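J.: Just input_23.cif, nothing more (mmCIF, C-alpha atoms):
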data_input
loop_
_atom_site.label_atom_id
_atom_site.label_comp_id
_atom_site.auth_asym_id
_atom_site.auth_seq_id
_atom_site.Cartn_x
_atom_site.Cartn_y
_atom_site.Cartn_z
CA MET K 1 46.97 135.70 -88.15
CA GLU K 2 47.82 136.21 -91.80
CA ARG K 3 45.09 138.71 -92.52
CA ASP K 4 45.98 140.91 -89.57
CA LEU K 5 49.61 140.77 -90.47
CA LYS K 6 48.91 142.07 -93.91
CA LEU K 7 47.13 145.16 -92.72
CA SER K 8 49.23 146.19 -89.79
CA ASP K 9 52.01 148.33 -91.03
CA ASN K 10 51.47 151.17 -88.61
CA SER K 11 52.51 149.77 -85.24
CA ASP K 12 55.74 150.93 -83.58
CA LEU K 13 59.09 150.13 -85.12
CA LEU K 14 61.18 147.77 -83.06
CA LYS K 15 64.11 149.33 -81.24
CA LYS K 16 66.20 146.22 -81.73
CA PRO K 17 65.44 144.80 -85.14
CA SER K 18 68.27 142.28 -84.77
CA LYS K 19 66.19 140.37 -82.24
CA TYR K 20 63.41 139.88 -84.77
CA ARG K 21 65.86 138.97 -87.49
CA ARG K 22 67.51 136.36 -85.33
CA LEU K 23 64.15 134.87 -84.42
CA VAL K 24 62.96 134.71 -88.01
CA GLY K 25 66.32 133.26 -89.04
CA ARG K 26 65.75 130.44 -86.62
CA LEU K 27 62.24 129.93 -87.91
CA ILE K 28 63.61 129.74 -91.44
CA TYR K 29 65.90 126.97 -90.28
CA LEU K 30 62.86 125.11 -88.96
CA THR K 31 61.05 125.32 -92.28
CA VAL K 32 63.47 122.71 -93.61
CA LEU K 33 61.20 120.04 -92.15
CA ARG K 34 58.04 121.93 -91.16
CA PRO K 35 55.82 122.53 -94.15
CA ASP K 36 53.07 123.84 -91.87
CA ILE K 37 54.94 127.02 -90.97
CA THR K 38 56.43 127.64 -94.39
CA TYR K 39 53.88 130.22 -95.41
CA LEU K 40 53.97 132.04 -92.07
CA VAL K 41 57.75 132.30 -92.08
CA HIS K 42 57.61 133.42 -95.67
CA VAL K 43 55.31 136.29 -94.70
CA LEU K 44 57.30 137.16 -91.59
CA SER K 45 60.57 137.35 -93.48
CA ARG K 46 59.18 140.08 -95.70
CA PHE K 47 59.55 142.49 -92.80
CA MET K 48 63.16 141.78 -91.98
CA HIS K 49 64.32 145.23 -93.01
CA GLN K 50 61.80 147.11 -90.89
CA PRO K 51 60.24 144.91 -88.25
CA ARG K 52 57.43 146.36 -86.19
CA LYS K 53 55.96 145.40 -82.86
CA PHE K 54 53.13 143.56 -84.53
CA HIS K 55 55.48 141.41 -86.52
CA ILE K 56 57.46 140.18 -83.55
CA GLU K 57 54.20 139.34 -81.80
CA ALA K 58 53.18 137.29 -84.81
CA ALA K 59 56.58 135.60 -84.87
CA LEU K 60 56.30 134.75 -81.18
CA ARG K 61 52.91 133.30 -81.89
CA VAL K 62 54.48 130.94 -84.39
CA VAL K 63 57.00 129.96 -81.72
CA ARG K 64 54.12 129.24 -79.30
CA TYR K 65 52.47 127.13 -81.97
CA LEU K 66 55.68 125.17 -82.44
CA LYS K 67 56.03 124.72 -78.70
CA GLY K 68 52.52 123.29 -78.55
CA ALA K 69 53.60 120.28 -80.57
CA PRO K 70 57.37 119.90 -80.63
CA GLY K 71 59.24 117.14 -82.42
CA GLN K 72 57.01 117.07 -85.48
CA GLY K 73 58.63 115.94 -88.67
CA LEU K 74 58.06 114.13 -91.89
CA PHE K 75 57.31 110.46 -92.32
CA PHE K 76 58.36 108.54 -95.40
CA SER K 77 56.37 105.37 -95.69
CA LEU K 78 57.87 102.19 -97.05
CA ASN K 79 54.61 101.43 -98.84
CA SER K 80 54.98 103.80 -101.68
CA ASP K 81 53.97 103.55 -105.32
CA PHE K 82 56.59 106.21 -106.16
CA ARG K 83 54.11 108.23 -108.11
CA LEU K 84 54.69 111.98 -108.17
CA ARG K 85 51.75 114.25 -107.45
CA ALA K 86 52.00 118.00 -107.27
CA TYR K 87 49.40 120.44 -105.96
CA CYS K 88 49.81 124.09 -106.77
CA ASP K 89 47.91 127.21 -105.91
CA SER K 90 48.37 130.93 -105.70
CA ASP K 91 46.72 133.75 -103.83
CA TRP K 92 45.98 136.39 -106.32
CA ALA K 93 47.47 139.77 -105.34
CA GLY K 94 47.92 138.47 -101.83
CA CYS K 95 50.66 140.83 -100.74
CA PRO K 96 49.06 144.14 -99.69
CA LEU K 97 52.19 146.21 -100.21
CA THR K 98 53.10 145.17 -103.72
CA ARG K 99 49.93 143.38 -104.85
CA ARG K 100 52.00 140.54 -106.13
CA SER K 101 50.74 137.00 -105.82
CA THR K 102 52.24 134.12 -103.94
CA THR K 103 53.06 130.76 -105.48
CA GLY K 104 52.51 127.73 -103.33
CA TYR K 105 53.01 124.12 -104.15
CA CYS K 106 53.64 120.79 -102.51
CA ILE K 107 54.83 117.61 -104.13
CA PHE K 108 54.18 114.10 -102.90
CA LEU K 109 56.04 110.95 -103.78
CA GLY K 110 53.52 108.23 -103.12
CA PRO K 111 52.07 109.16 -99.72
CA SER K 112 55.06 111.17 -98.52
CA LEU K 113 55.58 114.89 -98.86
CA ILE K 114 58.98 115.57 -100.35
CA SER K 115 58.99 119.13 -101.61
CA TRP K 116 57.05 122.28 -100.91
CA ARG K 117 57.41 125.98 -101.40
CA SER K 118 55.78 129.31 -100.78
CA LYS K 119 57.18 132.18 -102.77
CA ARG K 120 56.03 135.61 -103.80
CA GLN K 121 55.95 136.03 -107.56
CA LYS K 122 58.24 138.45 -109.30
CA THR K 123 55.65 140.38 -111.27
CA VAL K 124 52.16 141.70 -110.71
CA TYR K 125 49.54 139.67 -112.54
CA LEU K 126 46.24 141.21 -113.44
CA SER K 127 44.13 138.10 -113.30
CA SER K 128 44.04 135.14 -110.98
CA ALA K 129 44.45 132.78 -113.93
CA GLU K 130 47.83 134.27 -114.73
CA ALA K 131 48.93 133.98 -111.13
CA GLU K 132 47.76 130.37 -111.01
CA TYR K 133 49.52 129.72 -114.24
CA ARG K 134 52.73 131.07 -112.84
CA ALA K 135 52.30 128.74 -109.85
CA MET K 136 51.85 125.82 -112.22
CA THR K 137 55.10 126.71 -113.90
CA GLY K 138 56.90 126.79 -110.55
CA ALA K 139 55.55 123.41 -109.57
CA CYS K 140 56.30 122.01 -113.01
CA CYS K 141 59.95 123.10 -112.81
CA GLU K 142 60.32 121.36 -109.47
CA LEU K 143 58.57 118.24 -110.81
CA THR K 144 60.93 118.10 -113.76
CA TRP K 145 63.92 118.35 -111.47
CA LEU K 146 62.56 115.68 -109.14
CA ARG K 147 61.97 113.31 -112.05
CA TYR K 148 65.57 113.68 -113.12
CA LEU K 149 66.72 113.15 -109.56
CA LEU K 150 64.58 110.02 -109.19
CA ARG K 151 65.92 108.75 -112.47
CA ASP K 152 69.45 109.09 -111.12
CA LEU K 153 68.34 107.18 -108.06
CA GLY K 154 67.18 104.35 -110.29
CA LEU K 155 63.45 105.12 -110.39
CA THR K 156 62.38 105.67 -113.95
CA HIS K 157 58.88 107.00 -114.28
CA HIS K 158 56.98 105.60 -117.18
CA GLU K 159 53.70 107.11 -116.13
CA SER K 160 53.43 110.86 -116.06
CA ALA K 161 53.58 112.91 -112.92
CA MET K 162 50.33 114.59 -111.94
CA LEU K 163 49.96 118.28 -111.45
CA PHE K 164 46.78 119.50 -109.78
CA CYS K 165 45.54 123.03 -110.12
CA ASP K 166 42.25 124.48 -108.95
CA ASN K 167 41.83 127.16 -111.57
CA LYS K 168 39.74 126.32 -114.64
CA VAL K 169 41.10 129.13 -116.79
CA ALA K 170 44.70 128.29 -116.08
CA LEU K 171 44.01 124.69 -117.05
CA HIS K 172 42.37 125.85 -120.25
CA ILE K 173 45.35 128.00 -121.14
CA ALA K 174 47.61 125.05 -120.46
CA ALA K 175 45.59 122.73 -122.71
CA ASN K 176 44.72 125.19 -125.45
CA PRO K 177 47.23 125.18 -128.28
CA ILE K 178 46.31 128.63 -129.58
CA PHE K 179 47.80 131.70 -128.02
CA HIS K 180 45.38 134.40 -127.29
CA GLU K 181 46.58 137.93 -127.65
CA ARG K 182 45.86 138.62 -124.03
CA THR K 183 47.99 135.78 -122.76
CA ARG K 184 51.04 136.69 -124.73
CA HIS K 185 52.95 138.01 -121.76
CA VAL K 186 52.76 134.65 -120.05
CA LYS K 187 53.84 132.92 -123.21
CA MET K 188 57.09 131.64 -121.85
CA ASP K 189 55.34 129.87 -119.02
CA CYS K 190 52.82 128.56 -121.53
CA HIS K 191 55.47 127.01 -123.66
CA TYR K 192 57.13 125.45 -120.69
CA ILE K 193 54.02 123.83 -119.26
CA ARG K 194 52.70 122.72 -122.62
CA ASP K 195 55.95 120.98 -123.40
CA LYS K 196 55.67 119.09 -120.17
CA ILE K 197 52.03 118.02 -120.52
CA MET A 1 99.34 136.49 -97.59
CA SER A 2 102.76 138.11 -97.98
CA LEU A 3 106.00 136.70 -99.31
CA LEU A 4 108.35 135.01 -96.91
CA PRO A 5 111.50 137.02 -96.13
CA ARG A 6 113.85 134.64 -97.90
CA HIS A 7 111.79 134.83 -101.07
CA GLN A 8 111.84 138.61 -101.25
CA GLN A 9 114.01 140.12 -103.93
CA HIS A 10 115.24 143.66 -104.24
CA GLY A 11 113.20 145.89 -106.46
CA GLU A 12 110.52 143.26 -107.02
CA ASN A 13 107.26 144.05 -105.29
CA ASN A 14 104.76 142.21 -107.41
CA LEU A 15 105.92 138.67 -107.03
CA VAL A 16 103.29 136.01 -106.47
CA TYR A 17 103.40 132.37 -105.48
CA ARG A 18 102.33 129.68 -107.79
CA LEU A 19 100.92 126.86 -105.72
CA HIS A 20 101.46 123.24 -106.58
CA LYS A 21 98.78 122.15 -104.18
CA SER A 22 95.71 123.74 -102.64
CA LEU A 23 96.11 125.16 -99.15
CA TYR A 24 93.65 125.11 -96.31
CA ASP A 25 91.73 128.37 -95.88
CA LEU A 26 92.21 129.58 -99.43
CA LYS A 27 89.21 131.00 -101.18
CA GLN A 28 89.25 128.10 -103.61
CA ALA A 29 89.87 125.47 -100.93
CA SER A 30 86.31 124.15 -100.86
CA ARG A 31 86.18 123.88 -104.62
CA GLN A 32 89.50 122.06 -104.67
CA TRP A 33 88.40 119.67 -101.99
CA PHE A 34 85.25 118.82 -103.86
CA ALA A 35 87.18 118.39 -107.10
CA LYS A 36 89.56 116.04 -105.36
CA PHE A 37 86.74 114.07 -103.81
CA SER A 38 84.72 113.79 -107.02
CA LYS A 39 87.78 112.65 -108.92
CA ALA A 40 88.49 109.98 -106.34
CA ILE A 41 84.92 108.74 -106.11
CA CYS A 42 84.48 108.73 -109.89
CA SER A 43 87.58 106.56 -110.22
CA ALA A 44 85.72 104.01 -108.09
CA GLY A 45 82.98 103.78 -110.70
CA PHE A 46 80.55 106.32 -109.28
CA VAL A 47 78.73 108.73 -111.53
CA GLN A 48 78.00 112.29 -110.46
CA SER A 49 74.36 113.21 -110.78
CA ARG A 50 73.70 116.06 -113.15
CA VAL A 51 70.73 117.39 -111.24
CA ASP A 52 72.32 117.33 -107.80
CA TYR A 53 76.08 117.62 -107.87
CA SER A 54 76.52 116.29 -104.36
CA LEU A 55 74.93 112.97 -105.28
CA PHE A 56 77.01 110.12 -106.67
CA THR A 57 75.51 106.84 -107.78
CA LYS A 58 76.87 103.51 -108.91
CA THR A 59 74.83 100.88 -110.66
CA GLN A 60 76.04 97.37 -111.39
CA GLY A 61 73.19 95.30 -112.72
CA LYS A 62 70.71 95.20 -109.87
CA LEU A 63 73.16 96.51 -107.30
CA PHE A 64 72.77 100.17 -106.56
CA THR A 65 74.86 102.34 -104.28
CA ALA A 66 74.28 106.03 -103.65
CA LEU A 67 76.60 108.46 -101.95
CA LEU A 68 75.61 111.90 -100.76
CA ILE A 69 78.16 114.43 -99.58
CA TYR A 70 77.83 117.72 -97.74
CA VAL A 71 81.29 119.34 -97.34
CA ASP A 72 82.85 116.54 -95.34
CA ASP A 73 79.77 114.66 -94.18
CA ILE A 74 79.05 111.65 -96.29
CA LEU A 75 76.00 109.39 -96.44
CA ILE A 76 76.27 106.05 -98.17
CA THR A 77 73.29 103.85 -98.91
CA GLY A 78 72.33 101.12 -101.32
CA ASN A 79 70.64 97.77 -101.71
CA ASP A 80 73.76 95.69 -101.31
CA PRO A 81 75.75 95.71 -98.02
CA ALA A 82 78.85 94.32 -99.76
CA SER A 83 79.15 97.21 -102.20
CA ILE A 84 78.53 99.70 -99.38
CA ALA A 85 81.39 98.09 -97.45
CA ALA A 86 83.55 98.19 -100.56
CA THR A 87 82.84 101.89 -101.00
CA LYS A 88 83.80 102.53 -97.41
CA THR A 89 87.06 100.59 -97.78
CA PHE A 90 87.85 102.54 -100.89
CA LEU A 91 87.25 105.86 -99.13
CA HIS A 92 89.36 104.71 -96.19
CA SER A 93 92.23 104.00 -98.56
CA ARG A 94 92.05 107.49 -100.07
CA PHE A 95 91.01 109.68 -97.15
CA ASN A 96 91.24 109.70 -93.43
CA LEU A 97 87.68 109.24 -92.30
CA LYS A 98 85.56 108.02 -89.45
CA ASN A 99 82.69 105.60 -89.74
CA LEU A 100 79.85 106.81 -87.54
CA GLY A 101 77.61 103.79 -88.06
CA ASN A 102 73.96 103.91 -88.99
CA LEU A 103 72.38 107.23 -89.81
CA LYS A 104 70.97 109.07 -86.79
CA TYR A 105 71.75 112.74 -87.30
CA PHE A 106 72.62 114.52 -90.50
CA LEU A 107 72.91 118.31 -90.75
CA GLY A 108 70.85 118.79 -87.62
CA ILE A 109 68.11 116.48 -88.83
CA GLU A 110 67.25 113.47 -86.75
CA VAL A 111 66.49 110.34 -88.72
CA SER A 112 64.81 107.29 -87.26
CA ALA A 113 63.86 104.22 -89.24
CA SER A 114 61.18 101.72 -88.33
CA LYS A 115 59.52 98.80 -90.07
CA LYS A 116 56.88 101.07 -91.56
CA GLY A 117 59.14 103.77 -92.86
CA ILE A 118 61.52 106.56 -92.03
CA PHE A 119 60.74 109.53 -89.81
CA ILE A 120 62.80 112.69 -89.93
CA SER A 121 62.57 115.66 -87.58
CA GLN A 122 64.67 118.56 -86.36
#
Any chance you could give the structure as structure tokens?
T.:
Amino acid sequence: MERDLKLSDNSDLLKKPSKYRRLVGRLIYLTVLRPDITYLVHVLSRFMHQPRKFHIEAALRVVRYLKGAPGQGLFFSLNSDFRLRAYCDSDWAGCPLTRRSTTGYCIFLGPSLISWRSKRQKTVYLSSAEAEYRAMTGACCELTWLRYLLRDLGLTHHESAMLFCDNKVALHIAANPIFHERTRHVKMDCHYIRDKI
Amino acid sequence: MSLLPRHQQHGENNLVYRLHKSLYDLKQASRQWFAKFSKAICSAGFVQSRVDYSLFTKTQGKLFTALLIYVDDILITGNDPASIAATKTFLHSRFNLKNLGNLKYFLGIEVSASKKGIFISQ
């Protein structure tokens, strides 16, 4: 679905855009506890201002998917080691209209998923490493917040939280103490992550 | 809001009220309510979390009580039933509230607990 949705910006405009907006609004409400549709809703909500026929079909498809397995939710197991693990990723230049990348991350506390996000980045990045790096920063911010929150709840973490990233270059930038001239524009993110490592 | 007739004076158009107490439906009402609540709950020994302002916690040795508030919906949990009961009594003495028992629904989210863990769904 996602690929088609990216390319189809030439179908008819909807006569009643409010219908689409209401539907997507309801889907956004559902993302509170449905990580599986987070990305789809995130893409669909980009077209709120000018929904086309194709978009509402895609939205209805999400509704059909939800109807196929209603009542899904999240399970928090009692057997938890309370260790934080974060997985982050980004699709480089994934948005066809702006060529900006999308940050995605999910954070687990022991075996349970507690936080996730899919968000388009604010700037265009020229390499996938930069986009991944940006995603790492996003996940790292959330991790920091969660650690403070857990501390307030009486769970002090002595061991470090784990952040997983699938991009070699981004990891190298994070571990390398020397700034390269070409990575200067992501310096702020660099500083942030390096402080947290 | 306009001045009441008996408060109107001749030649004075720009008079305003100075309120002694917050009124319902004012722009600041929600802020005032939260300020009032946090003041009350902090006087009972709770500490407001700095990362999530709607979370209040109280630690006494090994006893831990947490209180989470959303506007006027409150969740109380902890590892000691006696301190939870004490918190509830304290809130009853300050505010007029209803005890809805164990958590089932909160903000449209259904919560069900079992021996293995907690399941939440919408």
J.: Given a cut-off of 9 Å, which residues of chain A touch chain K, counting all atoms listed in the file, written out as a list in words?
T.: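 Written out as asked, the residues are Ser49, Arg50, Val51, Asp52, Leu55, Phe56, Thr57, Thr59, Phe64, Thr65, Ala66, Ile109, Lys115, Lys116, Gly117, Ile118, Phe119, Ile120, Ser121 and Gln122 of chain A.
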J.: Expand the PyMOL selection byres ((chain K and resi 49-59) around 6) into the individual residues it matches in the shown file, reporting them as a PyMOL selection string.
T.: chain K and resi 12-14+47-48+60-62
J.: Given the PyMOL selection byres ((chain K and resi 161-168) around 6) and the file above, list the residues it selects as a PyMOL selection string.
T.: chain K and resi 84-88+160+169-171
J.: Using the chain letters and numbers from this file, what does the PyMOL selection byres ((chain A and resi 68) around 12) select? Give the answer as a list in words.
T.: Leu153 of chain K; Phe37, Ser38, Ile41, Phe46, Val47, Gln48, Ser49, Asp52, Tyr53, Ser54, Leu55, Phe56, Thr57, Lys58, Thr65, Ala66, Leu67, Ile69, Tyr70, Val71, Asp72, Asp73, Ile74, Leu75, Ile76, Thr77, Gly78 and Phe106 of chain A
J.: Could you jot down the atom CA of Ile84 of chain A to atom CA of Glu110 of chain A separation for me, Å, one decimal place?
T.: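 These atoms are spaced 21.8 Å apart.
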J.: Please list as a list in words every residue within 10 Å of Leu27 of chain K, counting only C-alpha atoms and excluding residues in the same chain fewer than 5 positions away.
T.: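 The contact residues come out as Arg21, Arg22, Val32, Arg34, Ile37, Thr38, Leu40, Val41, His42, Leu44, Ser45, Ala59, Val62, Val63 and Leu66 of chain K.
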J.: Quick one, how far is atom CA of Tyr105 of chain K from atom CA of Arg117 of chain K?
T.: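 Spanning atom CA of Tyr105 of chain K to atom CA of Arg117 of chain K is a straight-line distance of 5.5 Å.
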J.: Within 7 Å of segment 131-140 of chain K, counting all atoms listed in the file, which residues show up once you throw out same-chain ones fewer than 3 positions away? Write them as a PyMOL selection string, please.
T.: chain K and resi 86+88-90+92+101+103-105+125+127-128+143-144+167+170+189+193
